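Undergrad: I have a structure I would like to understand better, so I am pasting it below and will then ask my questions one at a time.
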Amino acid sequence: MAEDMENLYQERLKRYTTAMRNEKPDRVPIRIFAAEFAAKYAGYTSQEVTHEYDKAFEAVRRCAKDFSWDATVINMVYVWSGLVDHFGQKYYKVPGIELPPDVGFQYFEPADEEGAFMKEDEYDALIDSPTEYLANIWMPRISRNLVPIGTPNTFRNNMAWLKGGISMMAYFGACGEAVARLKSECGTVSAIAGIIKAPFDILSDKLRGFRQVSIDVYRQPDKVEKACEALMPYLLQNAMVTSDPTRKVPATVWLHRGTMFSKDMYERFFWPTLKEIILQLWKNGIQTLWYGEGSWSKWLKYTAELPEKSIVYHVDKEDIFEAHKQIGDKFAISGGIPNDLLAFGTPREVKEYCKKVIQTVGKDGGYIMDASAIIQSDAKAENMKAITEAVLEYGVY
């Protein structure tokens, strides 16, 4: 039995990596990023998988087995409430505490300058030493438990650092076992390893907030540019040390804000530092999964500057057929199956759409089957089954 599972795993790994290198495997691989859908399918509430990560891991394994996924992520409900609670993080709200038990976690960024976790006059401090700034200034601001430098220490502060560190070690330690069980029990590949964020996304998501940074790019553009450059080596190093040592599965960059700016803004603030991170990873043999949330079609000419096969281009809201025309000769493409179709369509409609994508985008290989975005609890199980059926019926080369 163990030998059969190992053979299945190796077959799927070869299929997945071949497609990611924009080549033709034996059939189209299925790689699914499922969050609350996995919980619901396994009979858990969003609250349960957010508070008990073992249940989240189990839910994904059940889906991987039942839907015959070639590759997946061990847990896409990545906000574990134990870690959030111990650090006292303010910018996450979790089901069962601030939210109803069947609602997925939510991120709340600062709405105005008063609530910003980084103030408009603090760019120099961030640029001079990102680590010191984040530990000494940012962390106390985003926490209900930590005290700022220069104020009297508290028992609560000490325990938050201690329990938060222990929680982080516990979760990431459990992730290793979860990857091993995904392989040994399901024969399924852990789809990614290594996390990247665009420097500008860090600045706008977690530090200044989108409203504030939208003003900063006009009032103090040089500081914004230098801040992105200062953050870049740290984000690159994080991606390097968390990447797959075998260089088979990609690191992933989760892209947010770049779709919202003008050409000049994209060229100056977003693209240069992100491009450099991807180039450095590729020089070290690490492929990047470009997970662009929203539509990135207007920036395809910049993406095309990257070396051949250096990325897997994931399609969310844009036209997957047009993206394939423009960059399919250089990069593998994944996704493109609309999440609203999985939620509101019929199995027949899902199969027909998958067939169209397979026979167009995936006709010569280089395509990985997945939904457009991370799958939430509104997707229907019968439609997820239809994805597998479509691949097995139409995706064999």
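In the structure tokens, the first chain shown is A, the next is B, and so on; residue numbers restart at 1 for each chain, and ligands run from 1 in the order shown.
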Would you give me, as a list in words, the residues in segment 321-381 of chain A that DSSP reads as strand (DSSP E)?

TA: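 Secondary structure check on segment 321-381 of chain A, strand (DSSP E): Ala332, Ile333, Ser334, Gly335, Tyr367 and Ile368 of chain A.
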
Undergrad: Might you pull out every residue within 7 Å of segment 165-182 of chain A, with only C-alpha atoms counted and same-chain residues fewer than 6 positions away left off, and present them as a PyMOL selection string?

TA: chain A and resi 57+61+74+82-83+188+190

Undergrad: Those residues you just picked out, can you put them in a file as a PDB file, in the first residue's frame with N, CA and C atoms?

TA:
```pdb
ATOM      1  N   PHE A  57      -5.912  20.696   8.284  1.00  0.00           N
ATOM      2  CA  PHE A  57      -5.075  19.750   7.546  1.00  0.00           C
ATOM      3  C   PHE A  57      -5.890  18.523   7.117  1.00  0.00           C
ATOM      4  N   ARG A  61      -6.834  16.929   3.310  1.00  0.00           N
ATOM      5  CA  ARG A  61      -6.535  15.541   2.931  1.00  0.00           C
ATOM      6  C   ARG A  61      -7.785  14.824   2.427  1.00  0.00           C
ATOM      7  N   ILE A  74      -1.542  22.409   1.982  1.00  0.00           N
ATOM      8  CA  ILE A  74      -2.005  21.695   3.172  1.00  0.00           C
ATOM      9  C   ILE A  74      -3.073  22.458   3.942  1.00  0.00           C
ATOM     10  N   GLY A  82      -4.943  30.848  17.256  1.00  0.00           N
ATOM     11  CA  GLY A  82      -4.041  30.771  18.394  1.00  0.00           C
ATOM     12  C   GLY A  82      -2.906  31.764  18.276  1.00  0.00           C
ATOM     13  N   LEU A  83      -2.310  31.852  17.087  1.00  0.00           N
ATOM     14  CA  LEU A  83      -1.222  32.785  16.852  1.00  0.00           C
ATOM     15  C   LEU A  83      -1.725  34.226  16.889  1.00  0.00           C
ATOM     16  N   THR A 188      -0.588  13.002  -2.815  1.00  0.00           N
ATOM     17  CA  THR A 188      -0.768  14.337  -3.375  1.00  0.00           C
ATOM     18  C   THR A 188       0.429  15.214  -3.060  1.00  0.00           C
ATOM     19  N   SER A 190       2.493  18.591  -2.236  1.00  0.00           N
ATOM     20  CA  SER A 190       2.355  19.900  -1.600  1.00  0.00           C
ATOM     21  C   SER A 190       2.765  20.945  -2.631  1.00  0.00           C
TER      22      SER A 190
END
```

Undergrad: What does the distance between atom CA of Phe108 of chain A and atom CA of Pro148 of chain A come to in Å, to one decimal place?

TA: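 Atom-to-atom, atom CA of Phe108 of chain A and atom CA of Pro148 of chain A are spaced 21.6 Å apart.
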
Undergrad: Name all residues at most 8 Å from Lys197 of chain A (count only C-alpha atoms; drop same-chain ones fewer than 2 positions away) and give them as a list in words.

TA: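 Neighbouring residues, sequence-local ones excluded: Ile195, Pro199, Asp201, Ile202, Leu235, Val253, Trp254 and Leu255 of chain A.
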
Undergrad: Select, from A:Ile215, A:Ile374, A:Leu126, A:Ala111, the residue with the minimum atom-to-atom distance to Ala35 of chain A, counting only C-alpha atoms.

TA: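 Answer, going by the shortest atom-to-atom distance: A:Ile374.
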
Undergrad: Any idea what's packed within 10 Å of Met260 of chain A, counting only C-alpha atoms, ignoring anything in its chain fewer than 2 positions away? Could you give it as a ChimeraX atom specification?

TA: /A:214,256-258,262-263,265-266,294-296

Undergrad: Check the smallest atom-to-atom distance from each of A:Ala160, A:Lys356, A:Ala71, A:Met232 to Lys14 of chain A using only C-alpha atoms, then report the winner.

TA: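 Closest to Lys14 of chain A of all the choices is A:Ala71.
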
Undergrad: My list of candidates is A:Glu229, A:Ala39, A:Gly150, A:Leu162. Which is closest to Pro130 of chain A when distances are computed with only C-alpha atoms?

TA: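 Distance minimum relative to Pro130 of chain A lands on A:Glu229.
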
Undergrad: List the spatial neighbours of Gly362 of chain A as an mmCIF file with C-alpha atoms, in the first residue's frame - criterion: any atom at most 12 Å away, only C-alpha atoms, same-chain residues fewer than 2 positions off excluded.

TA:
```
data_model
loop_
_atom_site.group_PDB
_atom_site.id
_atom_site.type_symbol
_atom_site.label_atom_id
_atom_site.label_comp_id
_atom_site.auth_asym_id
_atom_site.auth_seq_id
_atom_site.Cartn_x
_atom_site.Cartn_y
_atom_site.Cartn_z
ATOM 1 C CA ALA A 19 3.300 21.292 -16.753
ATOM 2 C CA MET A 20 4.840 24.093 -14.664
ATOM 3 C CA ASN A 22 5.460 24.760 -19.817
ATOM 4 C CA GLU A 23 5.861 21.260 -21.213
ATOM 5 C CA LYS A 24 3.411 18.452 -21.959
ATOM 6 C CA PRO A 25 2.840 15.836 -19.233
ATOM 7 C CA ASP A 26 0.684 12.719 -19.563
ATOM 8 C CA ARG A 27 -2.384 14.792 -18.732
ATOM 9 C CA VAL A 28 -3.407 18.176 -17.315
ATOM 10 C CA PRO A 29 -2.590 18.267 -13.575
ATOM 11 C CA ILE A 320 -7.377 33.299 -19.698
ATOM 12 C CA PHE A 321 -7.510 32.790 -23.457
ATOM 13 C CA HIS A 324 -2.431 32.416 -23.156
ATOM 14 C CA LYS A 325 -2.108 34.147 -26.529
ATOM 15 C CA GLY A 328 1.654 31.139 -23.156
ATOM 16 C CA ASP A 329 4.748 30.567 -25.266
ATOM 17 C CA PHE A 331 5.139 30.560 -19.199
ATOM 18 C CA ALA A 332 2.820 27.851 -17.954
ATOM 19 C CA ILE A 333 -0.643 29.086 -17.000
ATOM 20 C CA SER A 334 -2.900 27.981 -14.161
ATOM 21 C CA GLY A 335 -6.419 28.719 -12.959
ATOM 22 C CA GLY A 336 -9.043 30.568 -14.932
ATOM 23 C CA CYS A 354 -13.051 23.229 -18.218
ATOM 24 C CA LYS A 355 -13.140 21.439 -21.564
ATOM 25 C CA LYS A 356 -12.814 24.745 -23.409
ATOM 26 C CA VAL A 357 -9.854 25.817 -21.273
ATOM 27 C CA ILE A 358 -8.126 22.430 -21.603
ATOM 28 C CA GLN A 359 -8.565 22.270 -25.377
ATOM 29 C CA THR A 360 -7.429 25.869 -25.895
ATOM 30 C CA ASP A 364 -0.009 21.682 -25.997
ATOM 31 C CA GLY A 365 0.676 21.299 -22.275
ATOM 32 C CA GLY A 366 1.759 24.023 -19.889
ATOM 33 C CA TYR A 367 -1.605 24.338 -18.143
ATOM 34 C CA ILE A 368 -2.508 23.525 -14.524
ATOM 35 C CA MET A 369 -6.199 23.146 -13.714
ATOM 36 C CA VAL A 391 -9.673 16.675 -16.638
ATOM 37 C CA TYR A 394 -10.591 15.811 -21.846
ATOM 38 C CA GLY A 395 -7.157 16.456 -20.335
ATOM 39 C CA VAL A 396 -5.264 13.300 -21.274
ATOM 40 C CA TYR A 397 -2.568 13.864 -23.928
#
```

Undergrad: So which residues touch Val147 of chain A within 12 Å, counting only C-alpha atoms, skipping near sequence neighbours fewer than 5 positions away, as number ranges by chain?

TA: A: 87-88, 135-142, 152-161

Undergrad: Please return, as a VMD selection string, all residues of segment 221-371 of chain A that DSSP assigns to alpha helix (DSSP H) on the basis of the backbone.

TA: chain A and resid 221 to 241 263 to 265 271 to 283 300 to 303 320 to 327 339 to 344 347 to 360

Undergrad: Neighbours of segment 302-305 of chain A within 9 Å (only C-alpha atoms; same-chain residues fewer than 4 positions away dropped), as a list in words?

TA: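 Residues meeting the cut-off are Glu267, Trp271, Lys275, Lys298, Gln326, Ile327, Lys330 and Phe331 of chain A.
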
Undergrad: Between A:Asn339, A:Val312, A:Glu113, A:Ala386, which has the minimum distance to Leu289 of chain A (counting only C-alpha atoms)?

TA: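 Between A:Asn339, A:Val312, A:Glu113, A:Ala386, the residue approaching Leu289 of chain A most closely is A:Val312.
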
Undergrad: Go through A:Thr388, A:Gln280, A:Asn75, A:Thr242 and flag the residue nearest Lys351 of chain A, using only C-alpha atoms for the distances.

TA: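 Checking each of A:Thr388, A:Gln280, A:Asn75, A:Thr242 against Lys351 of chain A, counting only C-alpha atoms, the winner is A:Thr388.
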
Undergrad: Mind giving me the straight-line distance from atom CA of Trp69 of chain A to atom CA of Arg31 of chain A in Å, one decimal?

TA: 6.2 Å

Undergrad: Do you have the atom CA of Leu281 of chain A-atom CA of Ile127 of chain A distance handy?

TA: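 Atom-to-atom, atom CA of Leu281 of chain A to atom CA of Ile127 of chain A, that is 22.9 Å.
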